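To start, the structure itself, in structure tokens.
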Amino acid sequence: MSSSSAPRTVLVVDDSAFMRKLVVDLIDGSGEFRVVGTARHGADALKKVHALAPDIVTMDVEMPEVDGLTALEQIMRESPRPVVMLSGAATGGAHDPVLRALELGAIEFVRKPSGPISLDLAAAREPLLSALRAASHVNLAVAALGTPLAVGPHARAAIPDTTATCVVAIASSTGGPRALAEVIPALPRALEAAVLVVQHMPAGFTRSLAERLDANSRISVSEAEDGEPLRRGHVYVAPGAHHMRVARSAEGPVIALDDGPPIWGVRPAADHLFRSVAERYGAAAIGVVLTGMGRDGAEGLRAIRDAGGAGIAQDRDSSIIFGMPQAAIAAGGAERVLPVEQIAPAIAELVAARRPGGTPPRAARSVAREGHRR
């Protein structure tokens with residue numbers, strides 16, 4: 001790997017010579033990163049990774065001979081390093097290749113603005129540079145553990161369609177789809193709460209994320225719709241490019257979507273959601289901050305704690321990027337700091353404690369002290 005003072009080196013992989021040139025020009029023109037080579041398909045990429053040892057790889061998905069997903073899987077197995085998918089491919093639905101790439105270990109993805117050959121690639125400059133910056137902060141040991149979910153039907157028992165009196169709000173960004181793929185499928189079907197998820201993702205991909213999670217979970221998952229009532233035992237994923245909050249209506253709490261200005265440079269933003277959840281649900285609110293760059297969710301999680309609710313942050317060792325959880329811990333919003341595999345059981349425990357006559361969660365105070373020592 002390059003030294004911390006030198007620009008991070010990048011290998012650009014795309015089957016189009018024209019696109020390779022555009023990507024190289026964007027990256028080299030930033031002054032933050034330096035392209036050390038290019039590859040025309042996955043097999044070429046594997047050779048160049050071993051020969052050039054780049055710090056980061058940008059990878060197209062659809063390529064001849066060896067496609068991007070196959071190459072990604074081999075890179076993460078043989079010579080792990082941060083990989084950013086730069087692709088015009090998006091089939092939609094639970095089998096979207098971009099989501100599978102994130103499960104296999106890709107750090108982030110950037111959409112080519114107008115398909116595989118995008119003359120307007122300059123429009124993706126900032127998202128691409130942001131993804132490369134995130135890749136520079138990755139916990140590679142976690143990223144290299146990626147395994148794809150087996151998408152298929154999941155048996156579910158019917159539960160009463162009742163208004164949620166408890167809400168779980170979850171924030172995630174870089175590495176979030178991987179973390180959500182561990183947390184959401186582990187939630188019980190009869191969870192007596194609505195779950196609201198803000199994942200920093202562009203429009204068009206959050207529906208596929210929701211469908212993929214739904215196909216692998218006991219609890220129902222869908223992309224949120226404006227005006228939709230909050231029902232217990234259901235997960236609502238904020239649509240890309242829209243903020244999500246909880247609002248009141250004559251029939252009870254509903255989801256409200258808007259396209260207001262980005263917060264912390266992102267839309268949807270978790271702080272926007274968390275504050276509304278704190279205001280509407282108070283002690284019946286639970287906030288969770290998962291892996292990601294930046295500090296979105298930190299102030300909102302503190303607002304939930306100040307309103308009497310509970311706060312959880314993912315720990316450093318299981319986070320692909322510890323930025324968001326670390327900010328949430330520093331702001332005092334996290335009473336528990338947990339590895340990702342312990343978060344779903346903790347959510348279920350905290351929700352159960354908020355039922356009438358529920359038992360207060362055990363050891364929350366001691367876990368909180370442990371978390372602040374990290």
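Ligands are numbered from 1 in the order shown, chains are lettered A, B, ... in the order of the structure tokens, and residues start at 1 in each chain.
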
Write out as a PDB file with N, CA and C atoms, in the first residue's frame all residues of segment 29-200 of chain A that backbone DSSP assigns to helix (DSSP H, G or I).
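For reference, states_14.pdb as written:
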```pdb
ATOM      1  N   GLY A  29      -7.176  13.608 -12.255  1.00  0.00           N
ATOM      2  CA  GLY A  29      -7.415  15.052 -12.169  1.00  0.00           C
ATOM      3  C   GLY A  29      -7.746  15.527 -10.773  1.00  0.00           C
ATOM      4  N   SER A  30      -8.076  14.616  -9.874  1.00  0.00           N
ATOM      5  CA  SER A  30      -8.447  15.011  -8.512  1.00  0.00           C
ATOM      6  C   SER A  30      -7.248  15.458  -7.680  1.00  0.00           C
ATOM      7  N   GLY A  42     -12.123  -8.884 -16.140  1.00  0.00           N
ATOM      8  CA  GLY A  42     -11.794  -9.427 -14.833  1.00  0.00           C
ATOM      9  C   GLY A  42     -10.498 -10.208 -14.786  1.00  0.00           C
ATOM     10  N   ALA A  43     -10.232 -11.012 -15.820  1.00  0.00           N
ATOM     11  CA  ALA A  43      -8.998 -11.799 -15.829  1.00  0.00           C
ATOM     12  C   ALA A  43      -7.780 -10.880 -15.867  1.00  0.00           C
ATOM     13  N   ASP A  44      -7.861  -9.840 -16.682  1.00  0.00           N
ATOM     14  CA  ASP A  44      -6.787  -8.847 -16.760  1.00  0.00           C
ATOM     15  C   ASP A  44      -6.621  -8.144 -15.414  1.00  0.00           C
ATOM     16  N   ALA A  45      -7.753  -7.854 -14.757  1.00  0.00           N
ATOM     17  CA  ALA A  45      -7.710  -7.181 -13.459  1.00  0.00           C
ATOM     18  C   ALA A  45      -6.974  -8.011 -12.413  1.00  0.00           C
ATOM     19  N   LEU A  46      -7.225  -9.319 -12.406  1.00  0.00           N
ATOM     20  CA  LEU A  46      -6.570 -10.177 -11.423  1.00  0.00           C
ATOM     21  C   LEU A  46      -5.052 -10.156 -11.605  1.00  0.00           C
ATOM     22  N   LYS A  47      -4.597 -10.184 -12.868  1.00  0.00           N
ATOM     23  CA  LYS A  47      -3.150 -10.113 -13.131  1.00  0.00           C
ATOM     24  C   LYS A  47      -2.581  -8.770 -12.671  1.00  0.00           C
ATOM     25  N   LYS A  48      -3.297  -7.676 -12.964  1.00  0.00           N
ATOM     26  CA  LYS A  48      -2.799  -6.341 -12.627  1.00  0.00           C
ATOM     27  C   LYS A  48      -2.799  -6.100 -11.116  1.00  0.00           C
ATOM     28  N   VAL A  49      -3.768  -6.660 -10.405  1.00  0.00           N
ATOM     29  CA  VAL A  49      -3.782  -6.515  -8.949  1.00  0.00           C
ATOM     30  C   VAL A  49      -2.516  -7.109  -8.352  1.00  0.00           C
ATOM     31  N   HIS A  50      -2.125  -8.293  -8.824  1.00  0.00           N
ATOM     32  CA  HIS A  50      -0.922  -8.945  -8.305  1.00  0.00           C
ATOM     33  C   HIS A  50       0.340  -8.213  -8.763  1.00  0.00           C
ATOM     34  N   ALA A  51       0.340  -7.697  -9.998  1.00  0.00           N
ATOM     35  CA  ALA A  51       1.550  -7.059 -10.530  1.00  0.00           C
ATOM     36  C   ALA A  51       1.755  -5.644 -10.002  1.00  0.00           C
ATOM     37  N   LEU A  52       0.652  -4.888  -9.810  1.00  0.00           N
ATOM     38  CA  LEU A  52       0.764  -3.465  -9.489  1.00  0.00           C
ATOM     39  C   LEU A  52       0.439  -3.145  -8.034  1.00  0.00           C
ATOM     40  N   GLY A  68     -17.217  -8.696 -13.553  1.00  0.00           N
ATOM     41  CA  GLY A  68     -16.790  -7.961 -12.369  1.00  0.00           C
ATOM     42  C   GLY A  68     -17.069  -8.679 -11.064  1.00  0.00           C
ATOM     43  N   LEU A  69     -18.201  -9.373 -10.961  1.00  0.00           N
ATOM     44  CA  LEU A  69     -18.525 -10.072  -9.721  1.00  0.00           C
ATOM     45  C   LEU A  69     -17.560 -11.219  -9.466  1.00  0.00           C
ATOM     46  N   THR A  70     -17.237 -11.966 -10.516  1.00  0.00           N
ATOM     47  CA  THR A  70     -16.296 -13.081 -10.368  1.00  0.00           C
ATOM     48  C   THR A  70     -14.913 -12.567  -9.995  1.00  0.00           C
ATOM     49  N   ALA A  71     -14.487 -11.493 -10.665  1.00  0.00           N
ATOM     50  CA  ALA A  71     -13.174 -10.910 -10.360  1.00  0.00           C
ATOM     51  C   ALA A  71     -13.136 -10.373  -8.933  1.00  0.00           C
ATOM     52  N   LEU A  72     -14.211  -9.707  -8.516  1.00  0.00           N
ATOM     53  CA  LEU A  72     -14.293  -9.182  -7.154  1.00  0.00           C
ATOM     54  C   LEU A  72     -14.135 -10.295  -6.131  1.00  0.00           C
ATOM     55  N   GLU A  73     -14.857 -11.388  -6.334  1.00  0.00           N
ATOM     56  CA  GLU A  73     -14.798 -12.506  -5.395  1.00  0.00           C
ATOM     57  C   GLU A  73     -13.385 -13.068  -5.298  1.00  0.00           C
ATOM     58  N   GLN A  74     -12.699 -13.170  -6.444  1.00  0.00           N
ATOM     59  CA  GLN A  74     -11.334 -13.700  -6.440  1.00  0.00           C
ATOM     60  C   GLN A  74     -10.358 -12.724  -5.796  1.00  0.00           C
ATOM     61  N   ILE A  75     -10.530 -11.437  -6.057  1.00  0.00           N
ATOM     62  CA  ILE A  75      -9.650 -10.432  -5.438  1.00  0.00           C
ATOM     63  C   ILE A  75      -9.775 -10.479  -3.924  1.00  0.00           C
ATOM     64  N   MET A  76     -11.023 -10.526  -3.418  1.00  0.00           N
ATOM     65  CA  MET A  76     -11.218 -10.517  -1.969  1.00  0.00           C
ATOM     66  C   MET A  76     -10.718 -11.804  -1.323  1.00  0.00           C
ATOM     67  N   ARG A  77     -10.642 -12.870  -2.089  1.00  0.00           N
ATOM     68  CA  ARG A  77     -10.143 -14.135  -1.559  1.00  0.00           C
ATOM     69  C   ARG A  77      -8.614 -14.215  -1.634  1.00  0.00           C
ATOM     70  N   GLU A  78      -8.033 -13.728  -2.731  1.00  0.00           N
ATOM     71  CA  GLU A  78      -6.596 -13.919  -2.960  1.00  0.00           C
ATOM     72  C   GLU A  78      -5.750 -12.728  -2.515  1.00  0.00           C
ATOM     73  N   PRO A  97     -27.190  -7.044  -9.409  1.00  0.00           N
ATOM     74  CA  PRO A  97     -25.778  -7.408  -9.263  1.00  0.00           C
ATOM     75  C   PRO A  97     -24.996  -6.449  -8.372  1.00  0.00           C
ATOM     76  N   VAL A  98     -25.424  -5.201  -8.288  1.00  0.00           N
ATOM     77  CA  VAL A  98     -24.717  -4.254  -7.432  1.00  0.00           C
ATOM     78  C   VAL A  98     -24.840  -4.666  -5.967  1.00  0.00           C
ATOM     79  N   LEU A  99     -26.030  -5.100  -5.548  1.00  0.00           N
ATOM     80  CA  LEU A  99     -26.215  -5.537  -4.170  1.00  0.00           C
ATOM     81  C   LEU A  99     -25.397  -6.789  -3.882  1.00  0.00           C
ATOM     82  N   ARG A 100     -25.344  -7.681  -4.850  1.00  0.00           N
ATOM     83  CA  ARG A 100     -24.519  -8.885  -4.653  1.00  0.00           C
ATOM     84  C   ARG A 100     -23.045  -8.507  -4.536  1.00  0.00           C
ATOM     85  N   ALA A 101     -22.612  -7.507  -5.303  1.00  0.00           N
ATOM     86  CA  ALA A 101     -21.223  -7.054  -5.215  1.00  0.00           C
ATOM     87  C   ALA A 101     -20.910  -6.529  -3.812  1.00  0.00           C
ATOM     88  N   LEU A 102     -21.841  -5.783  -3.222  1.00  0.00           N
ATOM     89  CA  LEU A 102     -21.627  -5.257  -1.878  1.00  0.00           C
ATOM     90  C   LEU A 102     -21.539  -6.389  -0.858  1.00  0.00           C
ATOM     91  N   GLU A 103     -22.317  -7.433  -1.041  1.00  0.00           N
ATOM     92  CA  GLU A 103     -22.241  -8.584  -0.138  1.00  0.00           C
ATOM     93  C   GLU A 103     -20.933  -9.343  -0.309  1.00  0.00           C
ATOM     94  N   LEU A 104     -20.401  -9.362  -1.532  1.00  0.00           N
ATOM     95  CA  LEU A 104     -19.152 -10.075  -1.804  1.00  0.00           C
ATOM     96  C   LEU A 104     -17.921  -9.340  -1.294  1.00  0.00           C
ATOM     97  N   LEU A 121     -19.864  11.078 -17.871  1.00  0.00           N
ATOM     98  CA  LEU A 121     -19.307  10.512 -16.643  1.00  0.00           C
ATOM     99  C   LEU A 121     -18.871  11.588 -15.657  1.00  0.00           C
ATOM    100  N   ALA A 122     -18.548  12.780 -16.141  1.00  0.00           N
ATOM    101  CA  ALA A 122     -18.131  13.862 -15.241  1.00  0.00           C
ATOM    102  C   ALA A 122     -19.184  14.137 -14.173  1.00  0.00           C
ATOM    103  N   ALA A 123     -20.444  13.813 -14.469  1.00  0.00           N
ATOM    104  CA  ALA A 123     -21.506  14.015 -13.481  1.00  0.00           C
ATOM    105  C   ALA A 123     -21.332  13.105 -12.273  1.00  0.00           C
ATOM    106  N   ALA A 124     -20.567  12.028 -12.443  1.00  0.00           N
ATOM    107  CA  ALA A 124     -20.332  11.089 -11.340  1.00  0.00           C
ATOM    108  C   ALA A 124     -19.018  11.372 -10.619  1.00  0.00           C
ATOM    109  N   ARG A 125     -18.372  12.493 -10.918  1.00  0.00           N
ATOM    110  CA  ARG A 125     -17.056  12.785 -10.338  1.00  0.00           C
ATOM    111  C   ARG A 125     -17.090  12.795  -8.812  1.00  0.00           C
ATOM    112  N   GLU A 126     -17.991  13.572  -8.228  1.00  0.00           N
ATOM    113  CA  GLU A 126     -18.017  13.685  -6.771  1.00  0.00           C
ATOM    114  C   GLU A 126     -18.401  12.377  -6.090  1.00  0.00           C
ATOM    115  N   PRO A 127     -19.455  11.655  -6.571  1.00  0.00           N
ATOM    116  CA  PRO A 127     -19.723  10.353  -5.951  1.00  0.00           C
ATOM    117  C   PRO A 127     -18.543   9.381  -6.052  1.00  0.00           C
ATOM    118  N   LEU A 128     -17.824   9.418  -7.184  1.00  0.00           N
ATOM    119  CA  LEU A 128     -16.682   8.520  -7.353  1.00  0.00           C
ATOM    120  C   LEU A 128     -15.560   8.886  -6.380  1.00  0.00           C
ATOM    121  N   LEU A 129     -15.234  10.158  -6.283  1.00  0.00           N
ATOM    122  CA  LEU A 129     -14.163  10.575  -5.370  1.00  0.00           C
ATOM    123  C   LEU A 129     -14.565  10.313  -3.915  1.00  0.00           C
ATOM    124  N   SER A 130     -15.830  10.526  -3.603  1.00  0.00           N
ATOM    125  CA  SER A 130     -16.309  10.237  -2.245  1.00  0.00           C
ATOM    126  C   SER A 130     -16.163   8.759  -1.926  1.00  0.00           C
ATOM    127  N   ALA A 131     -16.482   7.897  -2.912  1.00  0.00           N
ATOM    128  CA  ALA A 131     -16.344   6.451  -2.703  1.00  0.00           C
ATOM    129  C   ALA A 131     -14.876   6.064  -2.535  1.00  0.00           C
ATOM    130  N   LEU A 132     -13.985   6.684  -3.295  1.00  0.00           N
ATOM    131  CA  LEU A 132     -12.553   6.394  -3.165  1.00  0.00           C
ATOM    132  C   LEU A 132     -12.030   6.861  -1.809  1.00  0.00           C
ATOM    133  N   ARG A 133     -12.532   7.999  -1.328  1.00  0.00           N
ATOM    134  CA  ARG A 133     -12.128   8.462   0.009  1.00  0.00           C
ATOM    135  C   ARG A 133     -12.586   7.470   1.073  1.00  0.00           C
ATOM    136  N   ALA A 134     -13.836   6.995   0.948  1.00  0.00           N
ATOM    137  CA  ALA A 134     -14.337   6.003   1.899  1.00  0.00           C
ATOM    138  C   ALA A 134     -13.489   4.738   1.850  1.00  0.00           C
ATOM    139  N   ALA A 135     -13.106   4.333   0.643  1.00  0.00           N
ATOM    140  CA  ALA A 135     -12.290   3.125   0.487  1.00  0.00           C
ATOM    141  C   ALA A 135     -10.952   3.251   1.205  1.00  0.00           C
ATOM    142  N   LEU A 140     -10.349  -3.579   6.241  1.00  0.00           N
ATOM    143  CA  LEU A 140     -10.268  -4.585   5.184  1.00  0.00           C
ATOM    144  C   LEU A 140     -10.544  -5.992   5.710  1.00  0.00           C
ATOM    145  N   ALA A 141     -10.233  -6.240   6.972  1.00  0.00           N
ATOM    146  CA  ALA A 141     -10.485  -7.566   7.539  1.00  0.00           C
ATOM    147  C   ALA A 141     -11.971  -7.892   7.509  1.00  0.00           C
ATOM    148  N   VAL A 142     -12.824  -6.876   7.723  1.00  0.00           N
ATOM    149  CA  VAL A 142     -14.270  -7.090   7.664  1.00  0.00           C
ATOM    150  C   VAL A 142     -14.736  -7.183   6.215  1.00  0.00           C
ATOM    151  N   ALA A 143     -14.238  -6.291   5.369  1.00  0.00           N
ATOM    152  CA  ALA A 143     -14.662  -6.278   3.974  1.00  0.00           C
ATOM    153  C   ALA A 143     -14.368  -7.595   3.272  1.00  0.00           C
ATOM    154  N   GLY A 176     -23.099  -0.568   4.814  1.00  0.00           N
ATOM    155  CA  GLY A 176     -24.422  -0.765   5.379  1.00  0.00           C
ATOM    156  C   GLY A 176     -25.208  -1.931   4.807  1.00  0.00           C
ATOM    157  N   PRO A 177     -25.243  -2.106   3.480  1.00  0.00           N
ATOM    158  CA  PRO A 177     -25.990  -3.259   2.958  1.00  0.00           C
ATOM    159  C   PRO A 177     -25.528  -4.590   3.543  1.00  0.00           C
ATOM    160  N   ARG A 178     -24.211  -4.732   3.774  1.00  0.00           N
ATOM    161  CA  ARG A 178     -23.694  -5.955   4.410  1.00  0.00           C
ATOM    162  C   ARG A 178     -24.201  -6.061   5.841  1.00  0.00           C
ATOM    163  N   ALA A 179     -24.125  -4.965   6.597  1.00  0.00           N
ATOM    164  CA  ALA A 179     -24.571  -4.987   7.985  1.00  0.00           C
ATOM    165  C   ALA A 179     -26.075  -5.232   8.076  1.00  0.00           C
ATOM    166  N   LEU A 180     -26.840  -4.574   7.215  1.00  0.00           N
ATOM    167  CA  LEU A 180     -28.294  -4.778   7.209  1.00  0.00           C
ATOM    168  C   LEU A 180     -28.646  -6.217   6.864  1.00  0.00           C
ATOM    169  N   ALA A 181     -27.848  -6.842   5.989  1.00  0.00           N
ATOM    170  CA  ALA A 181     -28.099  -8.231   5.605  1.00  0.00           C
ATOM    171  C   ALA A 181     -27.860  -9.191   6.764  1.00  0.00           C
ATOM    172  N   GLU A 182     -27.152  -8.735   7.801  1.00  0.00           N
ATOM    173  CA  GLU A 182     -27.003  -9.546   9.012  1.00  0.00           C
ATOM    174  C   GLU A 182     -28.062  -9.211  10.047  1.00  0.00           C
ATOM    175  N   VAL A 183     -28.413  -7.927  10.146  1.00  0.00           N
ATOM    176  CA  VAL A 183     -29.325  -7.493  11.211  1.00  0.00           C
ATOM    177  C   VAL A 183     -30.784  -7.804  10.872  1.00  0.00           C
ATOM    178  N   ILE A 184     -31.250  -7.391   9.694  1.00  0.00           N
ATOM    179  CA  ILE A 184     -32.683  -7.495   9.383  1.00  0.00           C
ATOM    180  C   ILE A 184     -33.166  -8.950   9.318  1.00  0.00           C
ATOM    181  N   PRO A 185     -32.471  -9.868   8.629  1.00  0.00           N
ATOM    182  CA  PRO A 185     -32.951 -11.255   8.605  1.00  0.00           C
ATOM    183  C   PRO A 185     -32.968 -11.925   9.971  1.00  0.00           C
ATOM    184  N   ALA A 186     -32.231 -11.380  10.937  1.00  0.00           N
ATOM    185  CA  ALA A 186     -32.188 -11.976  12.277  1.00  0.00           C
ATOM    186  C   ALA A 186     -33.280 -11.442  13.194  1.00  0.00           C
TER     187      ALA A 186
END
```

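Distance annotation: of A:Phe322, A:Leu213, A:Met244, A:Leu187, the residue with the minimal separation from Ala344 of chain A is A:Leu187; atom set is only C-alpha atoms.
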
Write out as a PDB file with C-alpha atoms, in the first residue's frame which residues come within 10 Å of Gly332 of chain A when counting only C-alpha atoms, dropping same-chain ones fewer than 5 positions away.
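result.pdb written:
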```pdb
ATOM      1  CA  ALA A 298     -24.899  10.923  15.867  1.00  0.00           C
ATOM      2  CA  GLU A 299     -27.012  13.926  16.863  1.00  0.00           C
ATOM      3  CA  LEU A 301     -29.229   9.105  18.316  1.00  0.00           C
ATOM      4  CA  ARG A 302     -28.467  11.511  21.165  1.00  0.00           C
ATOM      5  CA  ALA A 303     -31.930  13.054  20.681  1.00  0.00           C
ATOM      6  CA  ARG A 305     -31.518   8.961  24.265  1.00  0.00           C
ATOM      7  CA  ASP A 306     -32.475  12.410  25.616  1.00  0.00           C
ATOM      8  CA  GLY A 311     -29.270   3.778  21.485  1.00  0.00           C
ATOM      9  CA  ALA A 327     -19.414   9.815  16.134  1.00  0.00           C
ATOM     10  CA  ALA A 368     -22.641   1.582  27.812  1.00  0.00           C
ATOM     11  CA  HIS A 372     -17.360   4.630  25.842  1.00  0.00           C
TER      12      HIS A 372
END
```

Point to revise | DSSP strand (DSSP E) selection over segment 209-373 of chain A, as a count of residues only | key: 35

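One finds atom CA of Ala353 of chain A at 26.1 Å from atom CA of Glu228 of chain A.
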
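By only C-alpha atoms, and with residues fewer than 5 positions from Val83 of chain A along its chain excluded, the set lying at most 7 Å from it is Ile56, Val57, Thr58, Met59, Ala106 and Ile107 of chain A.
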
Practice item. Please provide the set of residues having any atom within 7 Å of Leu196 of chain A, restricted to only C-alpha atoms, with same-chain residues fewer than 5 positions apart removed, written as a ChimeraX atom specification. Key: /A:168-170,235-237

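Restricting the calculation to only C-alpha atoms, the smallest distance between Thr291 of chain A and any of A:Ser173, A:Val246, A:Val12, A:Ala352 is found for A:Ser173.
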
Review point. Using only C-alpha atoms, which residues sit within 8 Å of segment 268-279 of chain A once same-chain residues fewer than 6 positions away are excluded, as an MDAnalysis selection string?
Key: chainID A and resid 167 169:171 198:200 238:247 262 285 287 296:301 303:304 307 309

Study note, to complete from the structure: One decimal place gives the atom CA of Ala190 of chain A-atom CA of Ser208 of chain A separation as 23.7 Å

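Considering the residues A:Phe205, A:Arg231, A:Asp226, A:Phe18 and counting only C-alpha atoms, Asp259 of chain A has its shortest atom-to-atom contact with A:Asp226.
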